[in-house]
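> Next up, structure_14.cif (mmCIF, C-alpha atoms).
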data_final
#
loop_
_atom_site.group_PDB
_atom_site.id
_atom_site.type_symbol
_atom_site.label_atom_id
_atom_site.label_comp_id
_atom_site.auth_asym_id
_atom_site.auth_seq_id
_atom_site.Cartn_x
_atom_site.Cartn_y
_atom_site.Cartn_z
ATOM 1 C CA ALA F 2 2.874 92.472 -114.453
ATOM 2 C CA ALA F 3 -0.577 90.921 -114.076
ATOM 3 C CA GLU F 4 0.992 87.656 -112.975
ATOM 4 C CA GLY F 5 3.095 89.546 -110.452
ATOM 5 C CA GLY F 6 -0.042 91.260 -109.123
ATOM 6 C CA ARG F 7 -1.828 87.944 -108.619
ATOM 7 C CA SER F 8 1.167 86.548 -106.710
ATOM 8 C CA ALA F 9 1.220 89.575 -104.468
ATOM 9 C CA PHE F 10 -2.542 89.181 -103.814
ATOM 10 C CA ARG F 11 -2.123 85.500 -102.891
ATOM 11 C CA SER F 12 0.747 86.362 -100.567
ATOM 12 C CA ALA F 13 -1.344 88.999 -98.823
ATOM 13 C CA THR F 14 -4.312 86.586 -98.482
ATOM 14 C CA SER F 15 -2.064 83.901 -96.969
ATOM 15 C CA ALA F 16 -0.634 86.396 -94.515
ATOM 16 C CA PHE F 17 -4.162 87.471 -93.480
ATOM 17 C CA LYS F 18 -5.262 83.849 -92.961
ATOM 18 C CA GLY F 19 -2.120 83.157 -90.951
ATOM 19 C CA ALA F 20 -2.814 86.146 -88.744
ATOM 20 C CA PHE F 21 -6.478 85.081 -88.259
ATOM 21 C CA GLY F 22 -5.480 81.504 -87.394
ATOM 22 C CA GLY F 23 -2.895 82.725 -84.858
ATOM 23 C CA GLY F 24 -5.595 84.800 -83.141
ATOM 24 C CA SER F 25 -7.733 81.694 -82.803
ATOM 25 C CA SER F 26 -4.821 79.864 -81.209
ATOM 26 C CA SER F 27 -4.347 82.669 -78.718
ATOM 27 C CA ALA F 28 -8.034 82.670 -77.830
ATOM 28 C CA SER F 29 -7.903 78.907 -77.352
ATOM 29 C CA ALA F 30 -4.900 79.304 -75.065
ATOM 30 C CA VAL F 31 -6.717 81.921 -73.005
ATOM 31 C CA GLY F 32 -9.800 79.685 -72.763
ATOM 32 C CA GLY F 33 -7.655 76.740 -71.751
ATOM 33 C CA THR F 34 -6.055 78.734 -68.957
ATOM 34 C CA GLN F 35 -9.430 79.850 -67.640
ATOM 35 C CA GLY F 36 -10.717 76.245 -67.764
ATOM 36 C CA ALA F 37 -7.671 75.015 -65.817
ATOM 37 C CA MET F 38 -8.267 77.658 -63.155
ATOM 38 C CA GLY F 39 -11.939 76.628 -62.872
ATOM 39 C CA THR F 40 -10.965 72.974 -62.584
ATOM 40 C CA SER F 41 -8.436 73.801 -59.848
ATOM 41 C CA ALA F 42 -11.045 75.744 -57.880
ATOM 42 C CA GLY F 43 -13.520 72.905 -58.267
ATOM 43 C CA GLY F 44 -10.892 70.414 -57.078
ATOM 44 C CA GLY F 45 -10.267 72.473 -53.917
ATOM 45 C CA GLY F 46 -13.961 72.449 -53.073
ATOM 46 C CA ALA F 47 -14.143 68.692 -53.596
ATOM 47 C CA SER F 48 -11.084 68.178 -51.341
ATOM 48 C CA ALA F 49 -12.673 70.153 -48.469
ATOM 49 C CA ALA F 50 -15.895 68.195 -48.839
ATOM 50 C CA SER F 51 -14.022 64.880 -48.755
ATOM 51 C CA LEU F 52 -12.170 65.924 -45.581
ATOM 52 C CA THR F 53 -15.460 66.825 -43.898
ATOM 53 C CA ALA F 54 -16.963 63.489 -44.887
ATOM 54 C CA ALA F 55 -13.890 61.626 -43.588
ATOM 55 C CA ARG F 56 -14.050 63.460 -40.268
ATOM 56 C CA ARG F 57 -17.730 62.605 -39.864
ATOM 57 C CA ASP F 58 -16.991 58.971 -40.668
ATOM 58 C CA LEU F 59 -14.237 58.854 -38.032
ATOM 59 C CA GLU F 60 -16.556 60.390 -35.434
ATOM 60 C CA ARG F 61 -19.231 57.832 -36.257
ATOM 61 C CA ARG F 62 -16.740 54.972 -35.962
ATOM 62 C CA GLU F 63 -15.424 56.307 -32.644
ATOM 63 C CA ALA F 64 -18.953 56.502 -31.234
ATOM 64 C CA GLU F 65 -19.616 52.958 -32.417
ATOM 65 C CA ILE F 66 -16.421 51.667 -30.759
ATOM 66 C CA LEU F 67 -17.315 53.352 -27.473
ATOM 67 C CA ARG F 68 -20.794 51.842 -27.603
ATOM 68 C CA ARG F 69 -19.366 48.383 -28.246
ATOM 69 C CA GLU F 70 -16.921 48.773 -25.345
ATOM 70 C CA ARG F 71 -19.776 49.661 -22.993
ATOM 71 C CA ASP F 72 -21.796 46.689 -24.218
ATOM 72 C CA LEU F 73 -18.796 44.401 -23.757
ATOM 73 C CA GLU F 74 -18.239 45.596 -20.191
ATOM 74 C CA VAL F 75 -21.901 45.009 -19.359
ATOM 75 C CA ARG F 76 -21.731 41.492 -20.796
ATOM 76 C CA GLU F 77 -18.530 40.772 -18.865
ATOM 77 C CA ARG F 78 -20.117 41.895 -15.605
ATOM 78 C CA SER F 79 -23.239 39.846 -16.208
ATOM 79 C CA ALA F 80 -21.122 36.820 -17.141
ATOM 80 C CA ARG F 81 -19.078 37.096 -13.945
ATOM 81 C CA SER F 82 -22.132 37.541 -11.784
ATOM 82 C CA GLY F 83 -23.583 34.369 -13.267
ATOM 83 C CA GLY F 84 -20.345 32.376 -13.284
ATOM 84 C CA GLY F 85 -19.790 32.929 -17.010
ATOM 85 C CA GLY F 86 -21.902 29.861 -17.842
ATOM 86 C CA LYS F 87 -19.581 27.562 -15.864
ATOM 87 C CA THR F 88 -20.845 25.172 -13.212
ATOM 88 C CA PRO F 89 -20.212 26.497 -9.672
ATOM 89 C CA ASN F 90 -17.627 24.411 -7.829
ATOM 90 C CA TRP F 91 -16.669 26.475 -4.756
ATOM 91 C CA PRO F 92 -16.445 26.267 -1.774
ATOM 92 C CA PHE F 93 -17.734 22.656 -1.718
ATOM 93 C CA SER F 94 -18.956 20.348 -4.452
ATOM 94 C CA PHE F 95 -22.180 19.651 -2.545
ATOM 95 C CA TRP F 96 -22.742 23.358 -1.736
ATOM 96 C CA ALA F 97 -21.261 25.668 -4.369
ATOM 97 C CA PHE F 98 -22.263 29.165 -5.382
ATOM 98 C CA THR F 99 -19.428 30.325 -7.654
ATOM 99 C CA TYR F 100 -16.838 29.012 -10.089
ATOM 100 C CA HIS F 101 -13.262 29.021 -8.829
ATOM 101 C CA ASN F 102 -10.376 27.564 -10.806
ATOM 102 C CA ILE F 103 -7.007 29.292 -10.661
ATOM 103 C CA SER F 104 -5.388 27.089 -13.317
ATOM 104 C CA ASP F 105 -8.254 27.650 -15.737
ATOM 105 C CA GLU F 106 -9.038 31.355 -15.286
ATOM 106 C CA ILE F 107 -5.870 33.093 -14.085
ATOM 107 C CA HIS F 108 -3.117 34.178 -16.463
ATOM 108 C CA PRO F 109 0.146 32.244 -15.872
ATOM 109 C CA HIS F 110 1.913 35.493 -14.977
ATOM 110 C CA HIS F 111 -0.363 35.958 -11.921
ATOM 111 C CA ARG F 112 -1.157 32.318 -11.113
ATOM 112 C CA SER F 113 1.395 31.780 -8.324
ATOM 113 C CA CYS F 114 0.446 35.092 -6.722
ATOM 114 C CA VAL F 115 -3.256 34.183 -6.634
ATOM 115 C CA ARG F 116 -2.492 30.728 -5.202
ATOM 116 C CA PHE F 117 -0.524 32.357 -2.406
ATOM 117 C CA CYS F 118 -3.393 34.757 -1.663
ATOM 118 C CA TYR F 119 -5.761 31.797 -1.586
ATOM 119 C CA THR F 120 -3.474 30.144 0.983
ATOM 120 C CA VAL F 121 -3.642 33.310 3.099
ATOM 121 C CA TYR F 122 -7.429 33.241 2.880
ATOM 122 C CA CYS F 123 -7.635 29.554 3.865
ATOM 123 C CA VAL F 124 -5.345 30.050 6.867
ATOM 124 C CA PHE F 125 -7.454 33.026 7.940
ATOM 125 C CA ALA F 126 -10.697 31.030 7.635
ATOM 126 C CA LEU F 127 -9.170 28.129 9.579
ATOM 127 C CA ALA F 128 -8.022 30.498 12.337
ATOM 128 C CA LEU F 129 -11.489 32.035 12.709
ATOM 129 C CA VAL F 130 -13.218 28.638 12.814
ATOM 130 C CA SER F 131 -10.722 27.319 15.363
ATOM 131 C CA ASN F 132 -11.090 30.484 17.426
ATOM 132 C CA PHE F 133 -14.870 29.948 17.454
ATOM 133 C CA PHE F 134 -14.535 26.393 18.782
ATOM 134 C CA VAL F 135 -12.150 27.511 21.519
ATOM 135 C CA ALA F 136 -14.616 30.229 22.562
ATOM 136 C CA MET F 137 -17.428 27.661 22.516
ATOM 137 C CA ALA F 138 -15.449 25.298 24.737
ATOM 138 C CA ARG F 139 -14.703 28.140 27.144
ATOM 139 C CA MET F 140 -18.391 29.052 27.193
ATOM 140 C CA PHE F 141 -19.356 25.544 28.327
ATOM 141 C CA LEU F 142 -16.690 25.623 31.050
ATOM 142 C CA HIS F 143 -16.935 29.209 32.264
ATOM 143 C CA MET F 144 -20.322 30.359 30.850
ATOM 144 C CA ASP F 145 -18.613 33.174 28.933
ATOM 145 C CA PHE F 146 -21.402 33.754 26.439
ATOM 146 C CA ALA F 147 -20.327 37.280 25.412
ATOM 147 C CA ALA F 148 -16.914 36.074 24.187
ATOM 148 C CA PHE F 149 -18.598 33.169 22.379
ATOM 149 C CA LEU F 150 -20.966 35.567 20.620
ATOM 150 C CA MET F 151 -18.100 37.824 19.519
ATOM 151 C CA ALA F 152 -16.140 34.833 18.205
ATOM 152 C CA PHE F 153 -19.220 33.739 16.273
ATOM 153 C CA ILE F 154 -19.563 37.216 14.735
ATOM 154 C CA TYR F 155 -15.884 37.212 13.756
ATOM 155 C CA MET F 156 -16.356 33.877 11.989
ATOM 156 C CA VAL F 157 -19.634 34.475 10.129
ATOM 157 C CA CYS F 158 -18.598 37.992 9.061
ATOM 158 C CA GLY F 159 -14.872 37.480 8.579
ATOM 159 C CA ILE F 160 -14.856 34.436 6.281
ATOM 160 C CA PRO F 161 -17.337 35.657 3.619
ATOM 161 C CA GLY F 162 -16.190 39.237 4.123
ATOM 162 C CA ALA F 163 -12.566 38.398 3.375
ATOM 163 C CA TYR F 164 -13.618 36.429 0.320
ATOM 164 C CA MET F 165 -15.725 39.231 -1.145
ATOM 165 C CA LEU F 166 -13.686 42.247 -0.039
ATOM 166 C CA TRP F 167 -10.171 41.224 -0.949
ATOM 167 C CA TYR F 168 -9.700 37.659 -2.227
ATOM 168 C CA ARG F 169 -12.286 37.795 -4.998
ATOM 169 C CA ARG F 170 -10.973 41.221 -5.969
ATOM 170 C CA VAL F 171 -7.417 40.023 -6.486
ATOM 171 C CA TYR F 172 -8.743 36.901 -8.233
ATOM 172 C CA ASN F 173 -10.784 38.915 -10.750
ATOM 173 C CA SER F 174 -8.067 41.560 -11.111
ATOM 174 C CA CYS F 175 -5.496 38.937 -12.074
ATOM 175 C CA LYS F 176 -8.097 37.306 -14.317
ATOM 176 C CA THR F 177 -8.895 40.480 -16.268
ATOM 177 C CA ASP F 178 -5.565 42.248 -15.601
ATOM 178 C CA ARG F 179 -7.241 45.545 -14.670
ATOM 179 C CA ALA F 180 -5.484 48.120 -12.519
ATOM 180 C CA PHE F 181 -8.649 49.385 -10.825
ATOM 181 C CA GLY F 182 -9.314 45.986 -9.206
ATOM 182 C CA PHE F 183 -5.788 45.887 -7.813
ATOM 183 C CA LEU F 184 -6.327 49.278 -6.211
ATOM 184 C CA TRP F 185 -9.435 48.055 -4.406
ATOM 185 C CA PHE F 186 -7.566 44.936 -3.283
ATOM 186 C CA PHE F 187 -4.774 46.982 -1.710
ATOM 187 C CA LEU F 188 -7.269 49.093 0.240
ATOM 188 C CA MET F 189 -9.264 46.126 1.544
ATOM 189 C CA PHE F 190 -6.227 43.969 2.254
ATOM 190 C CA MET F 191 -4.715 46.650 4.478
ATOM 191 C CA VAL F 192 -7.840 46.342 6.635
ATOM 192 C CA HIS F 193 -7.322 42.571 6.709
ATOM 193 C CA ILE F 194 -3.708 42.949 7.805
ATOM 194 C CA GLY F 195 -4.763 45.288 10.594
ATOM 195 C CA PHE F 196 -7.329 42.769 11.862
ATOM 196 C CA VAL F 197 -5.009 39.751 11.868
ATOM 197 C CA PHE F 198 -2.365 41.729 13.777
ATOM 198 C CA PHE F 199 -5.063 42.738 16.245
ATOM 199 C CA ALA F 200 -6.198 39.103 16.568
ATOM 200 C CA THR F 201 -2.611 37.915 17.078
ATOM 201 C CA LEU F 202 -2.174 40.284 20.015
ATOM 202 C CA ALA F 203 -5.804 40.060 21.242
ATOM 203 C CA PRO F 204 -5.662 43.066 23.599
ATOM 204 C CA PRO F 205 -8.474 42.675 26.149
ATOM 205 C CA ASN F 206 -11.381 45.141 26.087
ATOM 206 C CA MET F 207 -9.896 47.133 23.195
ATOM 207 C CA PHE F 208 -12.456 48.423 20.667
ATOM 208 C CA GLY F 209 -15.127 46.719 22.744
ATOM 209 C CA ALA F 210 -13.677 43.224 22.179
ATOM 210 C CA GLN F 211 -14.278 40.657 24.881
ATOM 211 C CA LYS F 212 -11.216 39.278 26.629
ATOM 212 C CA TRP F 213 -11.632 35.719 25.368
ATOM 213 C CA SER F 214 -13.224 36.411 21.989
ATOM 214 C CA LEU F 215 -9.824 36.078 20.275
ATOM 215 C CA CYS F 216 -6.935 33.749 21.087
ATOM 216 C CA GLY F 217 -3.854 35.948 21.131
ATOM 217 C CA ILE F 218 -0.537 36.596 22.818
ATOM 218 C CA LEU F 219 -1.727 38.923 25.582
ATOM 219 C CA ASN F 220 -4.136 36.383 27.057
ATOM 220 C CA LEU F 221 -2.037 33.276 26.325
ATOM 221 C CA ASN F 222 -0.416 33.034 29.769
ATOM 222 C CA GLU F 223 -3.750 33.150 31.585
ATOM 223 C CA ALA F 224 -5.193 30.572 29.189
ATOM 224 C CA LEU F 225 -2.322 28.155 29.861
ATOM 225 C CA GLN F 226 -2.780 28.543 33.621
ATOM 226 C CA GLY F 227 -6.411 27.457 33.340
ATOM 227 C CA ASN F 228 -7.687 24.391 31.523
ATOM 228 C CA LYS F 229 -4.732 22.694 29.780
ATOM 229 C CA ALA F 230 -6.698 21.478 26.760
ATOM 230 C CA ILE F 231 -8.156 24.896 26.130
ATOM 231 C CA GLY F 232 -4.719 26.412 26.686
ATOM 232 C CA VAL F 233 -3.227 24.169 23.959
ATOM 233 C CA MET F 234 -6.046 25.020 21.540
ATOM 234 C CA HIS F 235 -5.575 28.691 22.394
ATOM 235 C CA THR F 236 -1.894 28.411 21.468
ATOM 236 C CA ILE F 237 -2.684 26.736 18.148
ATOM 237 C CA VAL F 238 -5.165 29.451 17.185
ATOM 238 C CA MET F 239 -2.711 32.161 18.206
ATOM 239 C CA LEU F 240 -0.061 30.584 15.943
ATOM 240 C CA LEU F 241 -2.550 30.488 13.070
ATOM 241 C CA PHE F 242 -3.278 34.195 13.459
ATOM 242 C CA ALA F 243 0.460 34.940 13.688
ATOM 243 C CA ALA F 244 1.182 32.852 10.591
ATOM 244 C CA ASP F 245 -1.566 34.624 8.689
ATOM 245 C CA SER F 246 -0.123 37.996 9.701
ATOM 246 C CA VAL F 247 3.268 37.097 8.244
ATOM 247 C CA LEU F 248 1.748 35.544 5.123
ATOM 248 C CA SER F 249 -0.432 38.615 4.586
ATOM 249 C CA VAL F 250 2.565 40.937 4.569
ATOM 250 C CA LEU F 251 4.303 38.684 2.058
ATOM 251 C CA ALA F 252 1.124 38.477 -0.034
ATOM 252 C CA ILE F 253 0.632 42.223 -0.408
ATOM 253 C CA ARG F 254 4.282 42.606 -1.425
ATOM 254 C CA TRP F 255 3.858 39.829 -4.004
ATOM 255 C CA VAL F 256 0.645 41.294 -5.401
ATOM 256 C CA TYR F 257 2.227 44.735 -5.671
ATOM 257 C CA SER F 258 5.198 43.236 -7.530
ATOM 258 C CA SER F 259 2.810 41.442 -9.877
ATOM 259 C CA PHE F 260 0.856 44.674 -10.296
ATOM 260 C CA ARG F 261 3.946 46.614 -11.363
ATOM 261 C CA SER F 262 5.416 43.850 -13.523
ATOM 262 C CA GLY F 263 2.147 43.773 -15.449
ATOM 263 C CA GLY F 264 2.801 47.361 -16.534
ATOM 264 C CA HIS F 265 0.185 48.935 -14.247
ATOM 265 C CA THR F 266 0.564 52.224 -12.393
ATOM 266 C CA LEU F 267 -1.468 54.123 -9.828
ATOM 267 C CA GLU F 268 -2.258 56.740 -12.470
ATOM 268 C CA GLN F 269 -3.718 54.014 -14.663
ATOM 269 C CA ALA F 270 -5.769 52.736 -11.715
ATOM 270 C CA ARG F 271 -7.176 56.228 -11.106
ATOM 271 C CA ALA F 272 -8.013 56.574 -14.800
ATOM 272 C CA GLU F 273 -9.853 53.243 -14.747
ATOM 273 C CA ALA F 274 -11.670 54.324 -11.591
ATOM 274 C CA TYR F 275 -12.876 57.411 -13.451
ATOM 275 C CA ARG F 276 -14.062 55.308 -16.388
ATOM 276 C CA GLU F 277 -15.792 52.886 -14.018
ATOM 277 C CA GLY F 278 -17.646 55.788 -12.457
ATOM 278 C CA ILE F 279 -18.790 57.003 -15.864
ATOM 279 C CA ALA F 280 -19.831 53.474 -16.862
ATOM 280 C CA ALA F 281 -21.737 53.010 -13.609
ATOM 281 C CA ALA F 282 -23.589 56.264 -14.212
ATOM 282 C CA THR F 283 -24.501 55.374 -17.797
ATOM 283 C CA THR F 284 -25.523 51.760 -17.069
ATOM 284 C CA GLY F 285 -27.641 52.406 -14.023
ATOM 285 C CA GLY F 286 -25.064 52.050 -11.240
ATOM 286 C CA ILE F 287 -23.591 48.681 -12.131
ATOM 287 C CA GLY F 288 -20.472 48.081 -10.055
ATOM 288 C CA SER F 289 -16.932 47.469 -11.105
ATOM 289 C CA ALA F 290 -16.183 44.648 -13.429
ATOM 290 C CA ALA F 291 -13.204 43.751 -11.341
ATOM 291 C CA VAL F 292 -15.242 43.084 -8.244
#
Can the structure from this file be put into structure tokens for me?

Amino acid sequence: AAEGGRSAFRSATSAFKGAFGGGSSSASAVGGTQGAMGTSAGGGGASAASLTAARRDLERREAEILRRERDLEVRERSARSGGGGKTPNWPFSFWAFTYHNISDEIHPHHRSCVRFCYTVYCVFALALVSNFFVAMARMFLHMDFAAFLMAFIYMVCGIPGAYMLWYRRVYNSCKTDRAFGFLWFFLMFMVHIGFVFFATLAPPNMFGAQKWSLCGILNLNEALQGNKAIGVMHTIVMLLFAADSVLSVLAIRWVYSSFRSGGHTLEQARAEAYREGIAAATTGGIGSAAV
């Protein structure tokens, strides 16, 4: 009986220990759950902080890229204004003020187009110089100084003006492949086309022009009836102006085709014009890089 009592006591003690150990397991489980929830909450806070840090890093990088782009544009403009470190070779080797090399600087896609525009410019310059000499010869024969003065103004303003206003623009635009430069070229070249058509006709006393300041169609007959040598020179100059008119129409069509085949649009040109305005305001009014 005593042995049976001891066995019953041991059984009860074991059951009590088992119950106490199970309670500890349950408490550990509850503590583990609470720790997991705390870890999850802490992980969420760390994730939000990492996203904020990443966003700030992206903003910093974007600002740095924009700053580098502005610095690059300023360096490009200063390089072009100084010839990019290349020895000037145009217009003459003995008197050069800029570097001009279509094969070296122009992308092959635009090279033929720029060569054609250069031909248009050379024909225009030759026509103005020839027109000046005809007016000078007429001045010595007929003392027509007013026409000579107008022809001189056409020459000294037209040759450098055409170079700066439209030829150099299409040259630099095809060099850098920027839509904004093409837009300026189209605007200036339309003025050029209007002038060469006016010079080909040479209407007397229109827009204040002297009758013999330009060698055109409307005064050709009277020129041929006068001095024969001057009449022949007048005809040659008229043909040069007429040829330049035709070549100019072909040139603007070619440039527009090159403009579109390069993937440019008028919307892109307007967007670049807006950026150029912002860049000019932030860099102290520096002009377009495509000029």
> When the PyMOL selection byres ((chain F and resi 231-235) around 12) is applied to the file above, which residues end up in the set, as a ChimeraX atom specification?
/F:128-143,200-201,203,213-230,236-242
> On this structure, the PyMOL selection byres ((chain F and resi 197) around 10) would catch which residues? List them as a PyMOL selection string, sorted by chain and number.
chain F and resi 125+128+192-196+198-203+241-247+249
> Got a sec to resolve the PyMOL selection byres ((chain F and resi 93-104) around 9) on this structure and send the residues as a list in words?
Ser82, Gly83, Gly84, Gly85, Lys87, Thr88, Pro89, Asn90, Trp91, Pro92, Asp105, Glu106, Ile107, His108, Pro109, Arg112, Val115, Arg116, Tyr172 and Lys176 of chain F
> Have a look at F:Tyr164, F:Thr266, F:Asn206, F:Thr120 and name the one nearest to Met151 of chain F; count only C-alpha atoms.
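Between F:Tyr164, F:Thr266, F:Asn206, F:Thr120, the residue approaching Met151 of chain F most closely is F:Asn206.
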